[in-house]
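Student: Take a look at the following structure, please.
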Amino acid sequence: MSAVAFIGLGQMGAPMASRLIAKGHVLTVYDVSSSAMEKLVKEGAKSAKNPAQAVAEADFIITMLPNGTLVRQVLFGKNGITEALKNSALVIDMSTIHPMESERLHYDMAQAGFSYMDAPVGKTSDHAVTGTLTILAGGTDQQIDRAEHLLMCLGSELIRCGEPGNGIKVKIVNNFMSIALNALSAEAAVLCEAMDLPLEKAIQVMSGTVAGKGHFTTSWPGKVLAGDLSPAFMIDLAHKDLNIALDVAGQLNASVPLGAAAREVYSQARAAGRGKQDWTALLAHVRTLSGLRPLAE
């Protein structure tokens, strides 16, 4: 079993720390909330007065904090981790922070001679309680191999995302997509209700189509990502159908701003000469707008 310092006992951190205790690890905890620490002490953890004291004897340090400013403060501030950290220890930041902040922290920790990796999590606090989080590890193979036994106490899946910093990058992309999709899904549900269509019927249909399954794993692999833009469903037709949906929404006073924004992207793609291409060519179009090299077409 390992000597672990866990810093940050909020909605996610507290159940994660509890899991490590249950798995037999020797845990020292720190949080600005004394009540949060007291609960973990009752489960068998030791409490610390500050981050430096928490990490003094630890081989692994896990930080689970609300933002990058706090992570930096805990690492480098007064009574911070680096004041007492053993050179042989591994710091694992599991917070969801800005990727550029994470890059600077990786650099500064390396310059100070310490081992540091990122491993943000997917799913929710309910999954933290059951130990079924998805762990998105960004680090060297050596770091991830060393941390794997701890991380798998917290999650049911460990995804090696590549070099240090890649864990938080993929977490932010995942959250961007799922959060934006939540809003678009709400618009679709409102449009169903506006047309007196039972939502359960829409769910039944969309659970088996690209709408519910997403383009990453359905339409893209065999078309745009394979360099094939021959039309299975043309951008012109997608634009036409989107116009119909938006007209219906307008007549029924359904609020669908994301749908309207999507129409602009399809309109741009048509203006760029992609109207007769497959609808997955939208990826190629957005790449061009972003100044990225063209995909093989």
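Following the order of the structure tokens, chains are lettered A, B, ..., residues in each are numbered from 1, and ligands are numbered from 1.
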Please identify all polymer residues within 10 Å of Asn253 in chain A, counting only C-alpha atoms, omitting same-chain residues fewer than 5 positions from it, and present them as an mmCIF file with all heavy atoms, in the first residue's frame.
Tutor:
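The file below, part.cif, is the result:
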```
data_model
loop_
_atom_site.group_PDB
_atom_site.id
_atom_site.type_symbol
_atom_site.label_atom_id
_atom_site.label_comp_id
_atom_site.auth_asym_id
_atom_site.auth_seq_id
_atom_site.Cartn_x
_atom_site.Cartn_y
_atom_site.Cartn_z
ATOM 1 N N VAL A 190 -37.408 20.743 -27.067
ATOM 2 C CA VAL A 190 -38.397 21.825 -27.136
ATOM 3 C C VAL A 190 -39.134 21.789 -28.478
ATOM 4 O O VAL A 190 -40.349 21.992 -28.549
ATOM 5 C CB VAL A 190 -37.709 23.190 -26.913
ATOM 6 C CG1 VAL A 190 -38.612 24.337 -27.348
ATOM 7 C CG2 VAL A 190 -37.333 23.351 -25.437
ATOM 8 N N LEU A 191 -38.382 21.521 -29.567
ATOM 9 C CA LEU A 191 -39.016 21.433 -30.878
ATOM 10 C C LEU A 191 -40.007 20.269 -30.918
ATOM 11 O O LEU A 191 -41.093 20.389 -31.492
ATOM 12 C CB LEU A 191 -37.953 21.272 -31.962
ATOM 13 C CG LEU A 191 -38.424 21.345 -33.425
ATOM 14 C CD1 LEU A 191 -39.181 22.644 -33.700
ATOM 15 C CD2 LEU A 191 -37.246 21.187 -34.370
ATOM 16 N N ALA A 194 -43.042 21.460 -29.064
ATOM 17 C CA ALA A 194 -43.763 22.488 -29.827
ATOM 18 C C ALA A 194 -44.615 21.856 -30.931
ATOM 19 O O ALA A 194 -45.667 22.388 -31.294
ATOM 20 C CB ALA A 194 -42.771 23.478 -30.425
ATOM 21 N N ASP A 247 -37.596 26.801 -39.670
ATOM 22 C CA ASP A 247 -38.852 27.468 -40.021
ATOM 23 C C ASP A 247 -39.984 26.998 -39.113
ATOM 24 O O ASP A 247 -40.782 27.800 -38.625
ATOM 25 C CB ASP A 247 -39.196 27.195 -41.485
ATOM 26 C CG ASP A 247 -40.450 27.936 -41.915
ATOM 27 O OD1 ASP A 247 -40.398 29.183 -42.007
ATOM 28 O OD2 ASP A 247 -41.493 27.280 -42.121
ATOM 29 N N VAL A 248 -40.044 25.685 -38.877
ATOM 30 C CA VAL A 248 -41.049 25.153 -37.958
ATOM 31 C C VAL A 248 -40.882 25.765 -36.575
ATOM 32 O O VAL A 248 -41.851 26.195 -35.930
ATOM 33 C CB VAL A 248 -40.944 23.606 -37.878
ATOM 34 C CG1 VAL A 248 -41.820 23.070 -36.748
ATOM 35 C CG2 VAL A 248 -41.341 22.975 -39.206
#
```
Student: Quick one: of A:Leu90, A:Ser95, A:Met177, A:Lys169, who's nearest to Asp145 in chain A, counting only C-alpha atoms?
Tutor: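 Result for the nearest residue to Asp145 in chain A: A:Leu90.
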Student: Of the residues A:Ser178, A:Ser115, A:Gln11, A:Thr288, which is the one nearest to Ala269 in chain A, using only C-alpha atoms?
Tutor: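 The answer is A:Thr288, which sits nearest to Ala269 in chain A.
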Student: For the atom pair CA of Ala5 in chain A and CA of Ile61 in chain A, what is the interatomic distance in Å to one decimal place?
Tutor: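 A separation of 4.7 Å between them.
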Student: List the neighbours of range 289-293 of chain A out to 12 Å using only C-alpha atoms; skip same-chain residues closer than 4 positions along the sequence, and give me the result as a PyMOL selection string.
Tutor: chain A and resi 265+268-269+272+282-285+297
